[in-house]
>>> print(open('run-v2.txt').read())   # compact mmCIF, C-alpha atoms
# COMPACT_ATOMS: atom_id res chain seq x y z
CA MET A 1 -100.44 78.44 -78.67
CA GLU A 2 -103.52 78.82 -80.90
CA VAL A 3 -101.46 78.08 -84.03
CA ARG A 4 -100.04 74.88 -82.57
CA LEU A 5 -103.48 73.73 -81.39
CA SER A 6 -104.85 74.33 -84.87
CA GLU A 7 -102.06 72.24 -86.39
CA ILE A 8 -102.66 69.35 -83.98
CA SER A 9 -106.40 69.36 -84.71
CA LYS A 10 -105.63 68.48 -88.33
CA LEU A 11 -103.63 65.36 -87.41
CA ASN A 12 -105.12 61.88 -87.49
CA GLN A 13 -106.45 60.38 -84.26
CA THR A 14 -103.39 58.20 -83.74
CA SER A 15 -101.04 61.19 -83.73
CA LYS A 16 -103.23 63.64 -81.83
CA SER A 17 -102.72 62.18 -78.36
CA SER A 18 -98.93 62.30 -78.43
CA ALA A 19 -98.94 65.78 -79.99
CA TYR A 20 -101.29 67.19 -77.35
CA ILE A 21 -99.27 65.58 -74.55
CA GLU A 22 -96.05 67.04 -75.94
CA LEU A 23 -97.62 70.51 -76.04
CA LEU A 24 -98.95 70.01 -72.50
CA HIS A 25 -95.46 69.26 -71.17
CA THR A 26 -94.19 72.41 -72.88
CA ILE A 27 -96.89 74.50 -71.21
CA LEU A 28 -96.10 73.06 -67.77
CA THR A 29 -92.35 73.72 -67.91
CA LYS A 30 -92.90 77.12 -66.28
CA LYS A 31 -94.90 78.06 -63.18
CA ASP A 32 -96.27 81.52 -63.81
CA HIS A 33 -99.43 83.37 -64.75
CA GLN A 34 -98.85 82.71 -68.44
CA THR A 35 -98.84 78.97 -67.75
CA ILE A 36 -102.29 79.15 -66.16
CA HIS A 37 -103.57 81.26 -69.07
CA SER A 38 -102.16 78.82 -71.63
CA LEU A 39 -103.59 75.83 -69.77
CA ASN A 40 -107.04 77.43 -69.81
CA ILE A 41 -106.87 77.76 -73.61
CA PHE A 42 -105.45 74.24 -73.94
CA ILE A 43 -108.28 72.65 -71.91
CA GLY A 44 -110.92 74.57 -73.85
CA SER A 45 -109.47 73.19 -77.07
CA ILE A 46 -109.01 69.51 -76.18
CA VAL A 47 -112.55 69.02 -74.84
CA GLN A 48 -114.12 69.95 -78.17
CA ASP A 49 -116.17 67.22 -79.86
CA ALA A 50 -113.91 67.20 -82.93
CA VAL A 51 -110.92 66.07 -80.85
CA GLY A 52 -112.50 62.76 -79.91
CA LEU A 53 -113.45 61.51 -76.46
CA LEU A 54 -110.68 58.90 -76.23
CA VAL A 55 -107.98 61.43 -77.11
CA THR A 56 -109.35 63.98 -74.64
CA LYS A 57 -109.46 61.47 -71.77
CA THR A 58 -105.92 60.28 -72.56
CA VAL A 59 -104.57 63.84 -72.42
CA LEU A 60 -106.54 64.70 -69.27
CA ASN A 61 -105.23 61.58 -67.53
CA GLU A 62 -101.67 62.63 -68.38
CA LEU A 63 -102.38 66.10 -66.98
CA ILE A 64 -103.83 64.62 -63.78
CA LYS A 65 -100.77 62.40 -63.39
CA HIS A 66 -98.55 65.48 -63.62
CA ILE A 67 -100.71 67.34 -61.08
CA LYS A 68 -100.47 64.50 -58.55
CA GLU A 69 -96.68 64.54 -58.86
CA GLU A 70 -96.44 68.35 -58.54
CA SER A 71 -94.67 69.38 -55.32
CA ASP A 72 -95.58 73.09 -55.39
CA ARG A 73 -98.87 73.11 -53.47
CA GLU A 74 -100.04 76.55 -54.61
CA PHE A 75 -99.26 75.85 -58.26
CA LYS A 76 -100.95 72.46 -57.94
CA ARG A 77 -104.09 74.12 -56.62
CA GLN A 78 -104.09 76.68 -59.43
CA LEU A 79 -103.83 73.93 -62.04
CA ILE A 80 -106.77 71.98 -60.61
CA GLU A 81 -109.00 75.03 -60.20
CA THR A 82 -108.19 76.19 -63.73
CA ILE A 83 -109.39 72.88 -65.16
CA LEU A 84 -112.52 72.58 -63.02
CA ASN A 85 -113.54 76.19 -63.72
CA GLN A 86 -112.79 76.14 -67.46
CA THR A 87 -116.04 77.01 -69.24
CA GLU A 88 -115.87 74.44 -72.05
CA PHE A 89 -114.83 71.73 -69.60
CA CYS A 90 -117.73 72.56 -67.26
CA ASN A 91 -120.21 72.34 -70.14
CA ARG A 92 -119.00 68.82 -70.93
CA GLU A 93 -118.20 67.67 -67.39
CA SER A 94 -120.55 64.67 -67.54
CA ARG A 95 -118.30 63.11 -70.21
CA PHE A 96 -115.26 63.17 -67.92
CA GLU A 97 -116.66 61.99 -64.59
CA GLU A 98 -113.60 59.90 -63.66
CA GLN A 99 -111.26 62.81 -64.35
CA VAL A 100 -113.53 65.22 -62.45
CA THR A 101 -113.51 62.83 -59.48
CA ASP A 102 -109.70 62.57 -59.46
CA LEU A 103 -109.32 66.34 -59.65
CA ARG A 104 -111.86 67.02 -56.90
CA GLU A 105 -110.28 64.47 -54.56
CA ALA A 106 -106.85 66.02 -55.14
CA LEU A 107 -108.19 69.54 -54.49
CA ALA A 108 -110.03 68.37 -51.36
CA ASP A 109 -106.75 66.90 -50.06
CA LEU A 110 -105.07 70.28 -50.44
CA LEU A 111 -107.90 72.19 -48.78
CA GLU A 112 -108.11 69.70 -45.92
CA GLU A 113 -104.39 70.07 -45.25
CA GLU A 114 -104.98 73.83 -45.05
CA GLU A 115 -107.86 73.14 -42.59
CA ASP A 116 -110.37 74.69 -44.97
CA TRP A 117 -112.99 72.16 -43.88
CA SER A 118 -115.94 73.85 -45.54
CA GLY A 119 -114.09 74.31 -48.83
CA ALA A 120 -112.95 70.67 -48.90
CA ALA A 121 -116.49 69.45 -48.17
CA LYS A 122 -117.96 71.55 -50.99
CA VAL A 123 -115.39 70.22 -53.45
CA LEU A 124 -116.21 66.61 -52.54
CA GLN A 125 -119.94 67.32 -52.77
CA GLY A 126 -119.36 68.03 -56.46
CA ILE A 127 -118.19 64.46 -57.15
CA PRO A 128 -120.83 62.65 -59.26
CA LEU A 129 -122.00 59.67 -57.18
CA THR A 130 -125.56 59.08 -58.38
CA GLY A 131 -127.14 59.16 -61.83
CA THR A 132 -123.74 58.90 -63.48
CA ASN A 133 -122.54 57.27 -66.69
CA ARG A 134 -119.88 55.31 -64.81
CA THR A 135 -120.07 52.51 -62.29
CA VAL A 136 -119.69 53.75 -58.72
CA SER A 137 -119.35 51.13 -55.98
CA ASP A 138 -121.31 51.42 -52.74
CA GLU A 139 -118.01 51.24 -50.84
CA TYR A 140 -116.72 54.33 -52.69
CA ARG A 141 -119.97 56.24 -52.09
CA LEU A 142 -119.74 55.40 -48.41
CA LYS A 143 -116.11 56.54 -48.28
CA ILE A 144 -116.95 59.93 -49.81
CA TYR A 145 -120.07 60.46 -47.69
CA ILE A 146 -118.15 59.76 -44.49
CA ARG A 147 -115.32 62.05 -45.55
CA ILE A 148 -117.79 64.88 -46.28
CA LEU A 149 -119.51 64.13 -42.97
CA ARG A 150 -116.24 64.39 -41.06
CA LEU A 151 -115.30 67.67 -42.77
CA LEU A 152 -118.68 69.22 -42.00
CA LEU A 153 -118.28 68.27 -38.35
CA GLU A 154 -114.84 69.89 -38.27
CA ASP A 155 -116.57 73.00 -39.64
CA ASP A 156 -119.14 72.78 -36.80
CA ASP A 157 -121.97 72.24 -39.27
CA ALA A 158 -123.79 69.43 -37.48
CA THR A 159 -127.05 70.03 -39.36
CA SER A 160 -125.52 69.41 -42.80
CA ALA A 161 -123.41 66.59 -41.37
CA GLU A 162 -126.57 64.81 -40.21
CA THR A 163 -127.79 64.69 -43.82
CA TYR A 164 -124.64 62.88 -44.90
CA LEU A 165 -124.79 60.61 -41.86
CA SER A 166 -128.19 59.48 -43.10
CA ARG A 167 -126.83 58.87 -46.60
CA ALA A 168 -123.85 56.94 -45.28
CA ASN A 169 -126.07 54.84 -43.04
CA SER A 170 -127.74 53.37 -46.13
CA TYR A 171 -124.47 51.66 -47.09
CA MET A 172 -123.11 50.73 -43.65
CA LYS A 173 -124.72 47.29 -43.48
CA ASP A 174 -122.55 45.98 -46.32
CA THR A 175 -119.16 47.29 -45.25
CA LYS A 176 -116.63 45.30 -43.28
CA ASP A 177 -113.90 47.93 -43.31
CA GLU A 178 -112.97 48.61 -39.67
CA HIS A 179 -111.74 52.15 -40.32
CA THR A 180 -114.99 53.05 -42.11
CA ILE A 181 -117.12 51.59 -39.31
CA LEU A 182 -115.11 53.45 -36.67
CA SER A 183 -115.34 56.75 -38.58
CA PHE A 184 -119.10 56.34 -38.91
CA LYS A 185 -119.62 55.62 -35.20
CA LEU A 186 -117.38 58.51 -34.20
CA SER A 187 -119.33 60.82 -36.50
CA GLN A 188 -122.57 59.63 -34.89
CA ALA A 189 -121.19 60.46 -31.45
CA ARG A 190 -119.98 63.88 -32.54
CA ILE A 191 -123.35 64.76 -34.08
CA PHE A 192 -125.16 63.72 -30.89
CA ASP A 193 -122.65 65.83 -28.95
CA ALA A 194 -122.97 68.87 -31.23
CA LYS A 195 -126.78 68.71 -31.12
CA ARG A 196 -126.63 68.52 -27.30
CA LYS A 197 -127.99 64.97 -27.14
CA PHE A 198 -125.41 64.33 -24.46
CA GLU A 199 -126.79 61.06 -23.13
CA GLU A 200 -126.71 59.43 -26.59
CA ALA A 201 -123.28 60.93 -27.26
CA SER A 202 -121.87 59.55 -24.01
CA LYS A 203 -123.15 56.05 -24.78
CA LYS A 204 -121.71 56.12 -28.30
CA TYR A 205 -118.30 57.43 -27.18
CA HIS A 206 -118.18 54.72 -24.51
CA GLU A 207 -119.09 52.06 -27.09
CA ILE A 208 -116.30 53.27 -29.38
CA SER A 209 -113.78 53.05 -26.53
CA PHE A 210 -114.10 49.25 -26.66
CA THR A 211 -113.08 49.09 -30.34
CA PRO A 212 -110.18 46.62 -30.84
CA ASN A 213 -106.89 48.00 -32.20
CA LEU A 214 -107.83 51.55 -31.17
CA ALA A 215 -104.77 53.58 -30.19
CA GLU A 216 -104.60 54.13 -26.43
CA GLU A 217 -104.58 57.90 -26.83
CA GLU A 218 -107.77 57.74 -28.93
CA ARG A 219 -109.34 55.30 -26.47
CA GLU A 220 -108.68 57.73 -23.61
CA GLN A 221 -110.11 60.61 -25.65
CA CYS A 222 -113.32 58.62 -26.23
CA LEU A 223 -113.61 57.79 -22.53
CA SER A 224 -113.02 61.41 -21.59
CA ALA A 225 -115.64 62.58 -24.12
CA SER A 226 -118.08 60.00 -22.75
CA LEU A 227 -117.49 61.23 -19.19
CA ILE A 228 -117.96 64.89 -20.14
CA CYS A 229 -121.18 64.17 -22.04
CA SER A 230 -122.52 62.12 -19.12
CA VAL A 231 -122.01 65.11 -16.83
CA LEU A 232 -123.84 67.38 -19.29
CA ALA A 233 -126.75 64.96 -19.79
CA PRO A 234 -130.08 65.82 -18.11
CA ALA A 235 -130.12 64.64 -14.48
CA GLY A 236 -132.38 61.67 -13.90
CA PRO A 237 -132.59 57.86 -14.00
CA SER A 238 -131.09 57.45 -17.48
CA ARG A 239 -128.06 59.54 -16.66
CA SER A 240 -127.61 57.73 -13.34
CA TRP A 241 -127.34 54.41 -15.14
CA LEU A 242 -124.84 56.02 -17.49
CA LEU A 243 -122.77 57.35 -14.57
CA THR A 244 -122.88 53.90 -12.97
CA THR A 245 -121.52 52.31 -16.13
CA LEU A 246 -118.66 54.79 -16.38
CA PHE A 247 -117.87 54.70 -12.65
CA ARG A 248 -117.56 50.92 -12.74
CA ASP A 249 -115.30 51.08 -15.81
CA GLU A 250 -111.79 50.84 -14.33
CA ARG A 251 -110.34 52.66 -17.34
CA THR A 252 -111.92 55.92 -16.14
CA LEU A 253 -109.80 55.92 -12.97
CA ASN A 254 -106.93 57.65 -14.79
CA LEU A 255 -109.06 60.38 -16.35
CA LYS A 256 -108.57 63.95 -15.15
CA ASP A 257 -112.27 64.33 -14.44
CA HIS A 258 -112.75 61.11 -12.47
CA LYS A 259 -113.39 63.07 -9.25
CA ILE A 260 -116.34 64.85 -10.88
CA LEU A 261 -117.62 61.50 -12.14
CA SER A 262 -117.40 60.11 -8.60
CA LYS A 263 -119.36 62.98 -7.08
CA MET A 264 -121.97 62.76 -9.81
CA PHE A 265 -122.29 59.00 -9.32
CA LEU A 266 -122.55 59.28 -5.53
CA GLY A 267 -125.12 62.04 -5.87
CA GLN A 268 -123.08 64.59 -3.95
CA ILE A 269 -123.61 68.31 -4.39
CA ILE A 270 -120.86 69.87 -6.49
CA ARG A 271 -119.48 73.30 -5.67
CA ALA A 272 -118.62 75.84 -8.36
CA ASP A 273 -114.92 75.92 -7.41
CA GLU A 274 -114.67 72.18 -8.10
CA LEU A 275 -115.67 72.70 -11.72
CA VAL A 276 -113.12 75.29 -12.84
CA GLU A 277 -110.65 72.84 -14.43
CA PHE A 278 -113.44 70.66 -15.82
CA GLU A 279 -115.04 73.65 -17.52
CA LYS A 280 -111.77 74.50 -19.28
CA ARG A 281 -111.95 71.17 -21.14
CA LEU A 282 -115.42 71.78 -22.54
CA GLN A 283 -115.98 72.59 -26.21
CA PRO A 284 -117.75 75.80 -27.27
CA HIS A 285 -121.11 74.10 -27.98
CA GLN A 286 -120.97 72.52 -24.52
CA LEU A 287 -120.76 76.02 -23.06
CA ALA A 288 -123.47 77.40 -25.35
CA ARG A 289 -125.62 80.06 -23.75
CA LEU A 290 -129.25 79.21 -23.08
CA PRO A 291 -132.10 81.49 -24.22
CA SER A 292 -132.43 84.45 -21.91
CA SER A 293 -134.96 84.16 -19.09
CA ASN A 294 -137.02 86.71 -17.22
CA LEU A 295 -135.91 84.99 -14.02
CA LYS A 296 -132.80 86.34 -12.37
CA ARG A 297 -129.97 83.88 -11.69
CA SER A 298 -131.39 81.29 -14.07
CA PRO A 299 -128.91 78.86 -15.74
CA GLU A 300 -126.86 80.76 -18.30
CA THR A 301 -125.23 77.88 -20.19
CA VAL A 302 -125.82 74.22 -21.03
CA PHE A 303 -123.13 73.36 -18.49
CA ASP A 304 -124.73 75.49 -15.74
CA ARG A 305 -128.06 73.77 -16.26
CA ALA A 306 -126.55 70.27 -16.09
CA VAL A 307 -124.77 70.99 -12.79
CA MET A 308 -127.77 72.74 -11.24
CA GLN A 309 -130.09 69.87 -12.18
CA HIS A 310 -127.61 67.43 -10.64
CA ASN A 311 -127.42 69.45 -7.43
CA LEU A 312 -131.21 69.66 -7.28
CA LEU A 313 -131.46 65.88 -7.55
CA SER A 314 -128.75 65.54 -4.89
CA ALA A 315 -130.74 67.82 -2.59
CA SER A 316 -133.69 65.45 -2.92
CA LYS A 317 -131.59 62.79 -1.17
CA ILE A 318 -130.82 65.09 1.77
CA TYR A 319 -134.19 66.68 2.50
CA ASN A 320 -137.75 65.49 2.91
CA HIS A 321 -139.06 69.06 2.65
CA ILE A 322 -137.35 72.31 1.73
CA THR A 323 -138.55 75.79 0.87
CA LEU A 324 -138.08 76.98 -2.69
CA LYS A 325 -135.89 79.80 -1.39
CA GLY A 326 -133.69 77.36 0.54
CA LEU A 327 -133.48 74.99 -2.43
CA GLY A 328 -132.60 77.91 -4.68
CA ASN A 329 -129.77 78.97 -2.36
CA LEU A 330 -128.47 75.41 -2.30
CA VAL A 331 -128.57 75.01 -6.07
CA GLY A 332 -127.57 78.57 -6.96
CA LEU A 333 -130.89 79.85 -8.34
CA THR A 334 -133.68 82.18 -7.34
CA ALA A 335 -136.82 80.62 -5.87
CA GLY A 336 -138.67 81.22 -9.15
CA ALA A 337 -135.93 79.68 -11.28
CA VAL A 338 -135.51 76.60 -9.09
CA GLU A 339 -139.29 76.09 -9.05
CA LEU A 340 -139.32 76.10 -12.86
CA MET A 341 -136.41 73.66 -13.02
CA ALA A 342 -137.94 71.31 -10.44
CA ARG A 343 -141.34 71.40 -12.14
CA THR A 344 -139.76 70.52 -15.50
CA MET A 345 -137.83 67.61 -13.99
CA ILE A 346 -140.99 66.34 -12.25
CA GLN A 347 -142.99 66.52 -15.49
CA GLU A 348 -140.26 64.62 -17.35
CA GLY A 349 -140.15 61.89 -14.69
CA ARG A 350 -136.61 62.78 -13.62
CA LEU A 351 -137.54 63.90 -10.09
CA LYS A 352 -140.01 62.36 -7.62
CA ALA A 353 -141.42 65.37 -5.78
CA SER A 354 -144.37 67.71 -5.40
CA ILE A 355 -144.47 71.50 -5.14
CA ASP A 356 -146.77 73.36 -2.76
CA GLN A 357 -147.04 76.79 -4.36
CA VAL A 358 -148.99 78.21 -1.43
CA GLU A 359 -146.39 77.26 1.18
CA ARG A 360 -143.56 77.71 -1.36
CA MET A 361 -142.33 74.26 -0.36
CA VAL A 362 -140.95 71.22 -2.21
CA THR A 363 -141.65 67.75 -0.82
CA PHE A 364 -139.41 64.94 -2.04
CA GLN A 365 -140.94 61.47 -2.18
CA ARG A 366 -139.37 58.64 -0.21
CA GLU A 367 -139.68 54.91 -0.76
CA ARG A 368 -142.61 53.47 1.11
CA LYS A 369 -144.79 50.37 0.97
CA VAL A 370 -148.41 50.57 -0.09
CA ASP A 371 -150.34 47.28 0.12
CA GLY A 372 -147.13 45.33 -0.25
CA ASP A 373 -145.88 47.30 -3.27
CA VAL A 374 -142.81 49.50 -3.21
CA VAL A 375 -143.16 53.09 -4.37
CA VAL A 376 -139.98 54.33 -6.04
CA SER A 377 -138.07 57.05 -4.20
CA ASN A 378 -135.67 59.63 -5.58
CA VAL A 379 -132.72 57.46 -4.58
CA ALA A 380 -134.15 54.56 -6.59
CA ALA A 381 -135.09 56.86 -9.45
CA ALA A 382 -131.60 58.32 -9.55
CA GLY A 383 -130.17 54.82 -9.64
CA GLY A 384 -132.51 53.78 -12.41
CA GLY A 385 -134.15 51.11 -10.22
CA LYS A 386 -137.50 49.47 -10.83
CA ALA A 387 -140.39 49.43 -8.40
CA GLY A 388 -141.00 46.20 -6.54
CA ALA A 389 -138.86 43.40 -5.15
CA GLU A 390 -137.88 42.23 -8.63
CA GLY A 391 -136.41 45.63 -9.43
CA ALA A 392 -134.57 45.74 -6.09
CA ASP A 393 -133.07 42.29 -6.69
CA GLU A 394 -131.99 43.35 -10.17
CA MET A 395 -130.32 46.48 -8.80
CA LEU A 396 -128.52 44.45 -6.11
CA GLU A 397 -127.28 41.97 -8.66
CA ILE A 398 -126.19 44.46 -11.31
CA VAL A 399 -124.83 47.37 -9.25
CA PRO A 400 -124.27 46.19 -5.68
CA ALA A 401 -121.92 49.11 -5.03
CA THR A 402 -124.73 51.57 -5.75
CA ILE A 403 -126.98 49.96 -3.14
CA ARG A 404 -124.38 49.26 -0.49
CA TRP A 405 -122.95 52.75 -0.20
CA ASP A 406 -126.50 54.12 0.07
CA GLU A 407 -127.45 51.72 2.85
CA ALA A 408 -124.23 52.41 4.71
CA VAL A 409 -124.70 56.20 4.79
CA SER A 410 -126.42 57.46 7.92
CA ASP A 411 -125.38 61.11 7.79
CA PRO A 412 -127.18 63.13 5.07
CA LEU A 413 -124.23 65.53 5.06
CA PHE A 414 -122.35 62.80 3.19
CA TYR A 415 -123.83 64.33 0.06
CA LEU A 416 -122.15 67.62 0.89
CA HIS A 417 -118.74 66.25 1.82
CA PRO A 418 -115.86 66.29 -0.67
CA ILE A 419 -114.56 62.87 -1.70
>>> encode(input="run-v2.txt", output="structure tokens")
Amino acid sequence: MEVRLSEISKLNQTSKSSAYIELLHTILTKKDHQTIHSLNIFIGSIVQDAVGLLVTKTVLNELIKHIKEESDREFKRQLIETILNQTEFCNRESRFEEQVTDLREALADLLEEEEDWSGAAKVLQGIPLTGTNRTVSDEYRLKIYIRILRLLLEDDDATSAETYLSRANSYMKDTKDEHTILSFKLSQARIFDAKRKFEEASKKYHEISFTPNLAEEEREQCLSASLICSVLAPAGPSRSWLLTTLFRDERTLNLKDHKILSKMFLGQIIRADELVEFEKRLQPHQLARLPSSNLKRSPETVFDRAVMQHNLLSASKIYNHITLKGLGNLVGLTAGAVELMARTMIQEGRLKASIDQVERMVTFQRERKVDGDVVVSNVAAAGGGKAGAEGADEMLEIVPATIRWDEAVSDPLFYLHPI
């Protein structure tokens, strides 16, 4: 090998390319350890300054062409890694940015097929996109950023993914590629979801479900994800508007979890046995355990908290007054834990109530008129209504179903009845 390389180095520039390529084909005729060893020596030789940049790039392009046509996946991976890790090549990598890019994309393809999400992302992160000697289009940068973003999300690394979401966002305004736009929006939704911003995630998934030319299976998955995130979102006016939007969307009728959506929308208390199948469809981060509490029977998971907050808000539609112990029994918490939850919801404007710590009693506010003005009740707050006649008219116009079922209900036990 060394003798032949020495002979080729003495040829004129015109003859060098063909001689190197001929030797390369000879090296690649076998697929064994010796081939990898010989290729390492070969690469170290052809990247030397004396060979000439044009000759080196010509030979590397021929090698990359062979790699792309190679059917043996393991051998293909060994070839790529040998080149990228070759010491002399690494020292001069900036001269061969196009070749480095081709090799890294090919290696990332292999790793992604093996579901090595983290490995594929790291390989793509090594592609020179800024401060390079070559021209890199914004469209290509966006493509790579979104691919890295998607891989990081598959690896459950939402924090790193958010960094690449920000980078990709800088180039989104100029793209018209539908697939790129869809991938970006889906990544946004998944990051919201992974970071437990369930309200934002639900809205984004629902928005994506209206994308034209989206496969029906993917459309249903987006709707289902939107429904699940709406259930996990903090109980209050914002979530109630979200539930209203989904409940009125006829496409949700065929979803497995439509019954849960209905009970959430109607403000009915949900029993633990009704959530068994729903819970099986949740992802690990949606079942993440909450920080431990000194209070016994406090919510253990993100899912527990969402359901308990919903049931607490539902209880506010049944009772005018209730003891903390009674409310805790209804929701599934101790008196201390339910007091903490109620106080947090009151402070955040998600529950209209007051707590009498002496009497250990919660008083829920009802709609009443004061000097001609309407004070918002929990029912209005849950529905996202505005105070005053203008807000009532707007609610009647936008979501008549929400108002009518409420006016028609005379038995408070409606909130406890199964649908």
>>> atom_distance(input="run-v2.txt", atom1="CA of Asn329 (chain A)", atom2="CA of Ala272 (chain A)")
13.0 Å
>>> closest_residue(input="run-v2.txt", among="A:Gln309, A:Thr132, A:Ser262, A:Thr159", to="Thr344 (chain A)", atoms="only C-alpha atoms")
A:Gln309
>>> residues_around(input="run-v2.txt", residues="region 42-59 of chain A", least_positions_apart="3", cutoff="12 Å", atoms="all atoms listed in the file", output="ChimeraX atom specification")
/A:1-28,35-39,62-66,79-100
>>> atom_distance(input="run-v2.txt", atom1="CA of Gln188 (chain A)", atom2="CA of Thr175 (chain A)")
16.5 Å
>>> closest_residue(input="run-v2.txt", among="A:Ser314, A:Arg350, A:Arg150, A:Leu282", to="Leu266 (chain A)", atoms="all atoms listed in the file")
A:Ser314
>>> closest_residue(input="run-v2.txt", among="A:Gln125, A:Thr301, A:Thr101, A:Gln365", to="Arg289 (chain A)", atoms="all atoms listed in the file")
A:Thr301
>>> closest_atom_pairs(input="run-v2.txt", of="region 245-350 of chain A", to="region 204-228 of chain A", cutoff="12 Å", atoms="only C-alpha atoms", output="Markdown table")
| residue | atom | partner | partner_atom | distance |
| --- | --- | --- | --- | --- |
| A:Thr245 | CA | A:His206 | CA | 9.3 |
| A:Leu246 | CA | A:Leu227 | CA | 7.1 |
| A:Phe247 | CA | A:Leu227 | CA | 9.2 |
| A:Asp249 | CA | A:Leu223 | CA | 9.6 |
| A:Glu250 | CA | A:Leu223 | CA | 10.9 |
| A:Arg251 | CA | A:Leu223 | CA | 8.0 |
| A:Thr252 | CA | A:Leu223 | CA | 6.9 |
| A:Leu253 | CA | A:Leu223 | CA | 10.5 |
| A:Asn254 | CA | A:Glu220 | CA | 9.0 |
| A:Leu255 | CA | A:Ser224 | CA | 6.6 |
| A:Lys256 | CA | A:Ser224 | CA | 8.2 |
| A:Asp257 | CA | A:Leu227 | CA | 7.7 |
| A:His258 | CA | A:Leu227 | CA | 8.2 |
| A:Lys259 | CA | A:Leu227 | CA | 10.9 |
| A:Ile260 | CA | A:Leu227 | CA | 9.1 |
| A:Leu261 | CA | A:Leu227 | CA | 7.1 |
| A:Ser262 | CA | A:Leu227 | CA | 10.6 |
| A:Met264 | CA | A:Leu227 | CA | 10.5 |
| A:Phe265 | CA | A:Leu227 | CA | 11.2 |
| A:Leu275 | CA | A:Ile228 | CA | 11.7 |
| A:Phe278 | CA | A:Ile228 | CA | 8.5 |
| A:Glu279 | CA | A:Ile228 | CA | 9.6 |
| A:Lys280 | CA | A:Ile228 | CA | 11.5 |
| A:Arg281 | CA | A:Ile228 | CA | 8.7 |
| A:Leu282 | CA | A:Ile228 | CA | 7.7 |
| A:Gln283 | CA | A:Ile228 | CA | 10.0 |
| A:Gln286 | CA | A:Ile228 | CA | 9.3 |
| A:Leu287 | CA | A:Ile228 | CA | 11.8 |
| A:Phe303 | CA | A:Ile228 | CA | 10.1 |
| A:Ala306 | CA | A:Ile228 | CA | 10.9 |
| A:Val307 | CA | A:Ile228 | CA | 11.7 |
>>> closest_residue(input="run-v2.txt", among="A:Val331, A:Asp304, A:Asn169, A:Ala106", to="Ile127 (chain A)", atoms="all atoms listed in the file")
A:Ala106
>>> residues_around(input="run-v2.txt", residues="Ser230 (chain A)", least_positions_apart="2", cutoff="7 Å", atoms="all atoms listed in the file", output="PyMOL selection string")
chain A and resi 198-199+202+226-228+232-233+239+242-243
>>> residues_around(input="run-v2.txt", residues="Leu330 (chain A)", least_positions_apart="3", cutoff="9 Å", atoms="all atoms listed in the file", output="list in words")
Ile269, Asn311, Leu312, Ala315, Lys325, Gly326, Leu327 and Leu333 of chain A
>>> atom_distance(input="run-v2.txt", atom1="CA of Tyr171 (chain A)", atom2="CA of Cys229 (chain A)")
28.2 Å
>>> closest_residue(input="run-v2.txt", among="A:Ser170, A:Lys176, A:Ile270, A:Asp156", to="Arg190 (chain A)", atoms="all atoms listed in the file")
A:Asp156
>>> closest_residue(input="run-v2.txt", among="A:Ala235, A:Ile41, A:Leu186, A:Ala120", to="Glu348 (chain A)", atoms="all atoms listed in the file")
A:Ala235
>>> residues_around(input="run-v2.txt", residues="Asp72 (chain A)", least_positions_apart="4", cutoff="12 Å", atoms="all atoms listed in the file", output="PyMOL selection string")
chain A and resi 30-32+66-68+76-79+110
>>> residues_around(input="run-v2.txt", residues="Met361 (chain A)", least_positions_apart="6", cutoff="6 Å", atoms="all atoms listed in the file", output="ChimeraX atom specification")
/A:322-324,355
>>> decode(input="run-v2.txt", residues="region 173-198 of chain A", atoms="C-alpha atoms", output="tab-separated table (two decimals), in the first residue's frame")
chain	number	residue	atom	x	y	z
A	173	LYS	CA	-40.59	33.05	7.63
A	174	ASP	CA	-38.97	32.45	4.24
A	175	THR	CA	-39.92	28.83	3.66
A	176	LYS	CA	-42.93	27.70	1.68
A	177	ASP	CA	-42.23	23.98	1.92
A	178	GLU	CA	-45.35	22.37	3.43
A	179	HIS	CA	-43.47	19.40	4.89
A	180	THR	CA	-40.97	21.71	6.62
A	181	ILE	CA	-43.73	23.90	8.04
A	182	LEU	CA	-45.63	20.86	9.32
A	183	SER	CA	-42.50	19.37	10.91
A	184	PHE	CA	-41.76	22.66	12.65
A	185	LYS	CA	-45.29	23.01	14.06
A	186	LEU	CA	-45.33	19.40	15.21
A	187	SER	CA	-41.99	19.92	16.93
A	188	GLN	CA	-43.40	23.00	18.67
A	189	ALA	CA	-46.33	20.96	19.95
A	190	ARG	CA	-44.11	18.13	21.14
A	191	ILE	CA	-41.83	20.52	23.03
A	192	PHE	CA	-44.82	22.16	24.73
A	193	ASP	CA	-46.06	18.66	25.59
A	194	ALA	CA	-42.69	17.44	26.89
A	195	LYS	CA	-42.23	20.57	29.02
A	196	ARG	CA	-45.75	20.07	30.46
A	197	LYS	CA	-47.17	23.21	28.85
A	198	PHE	CA	-50.25	21.17	28.09
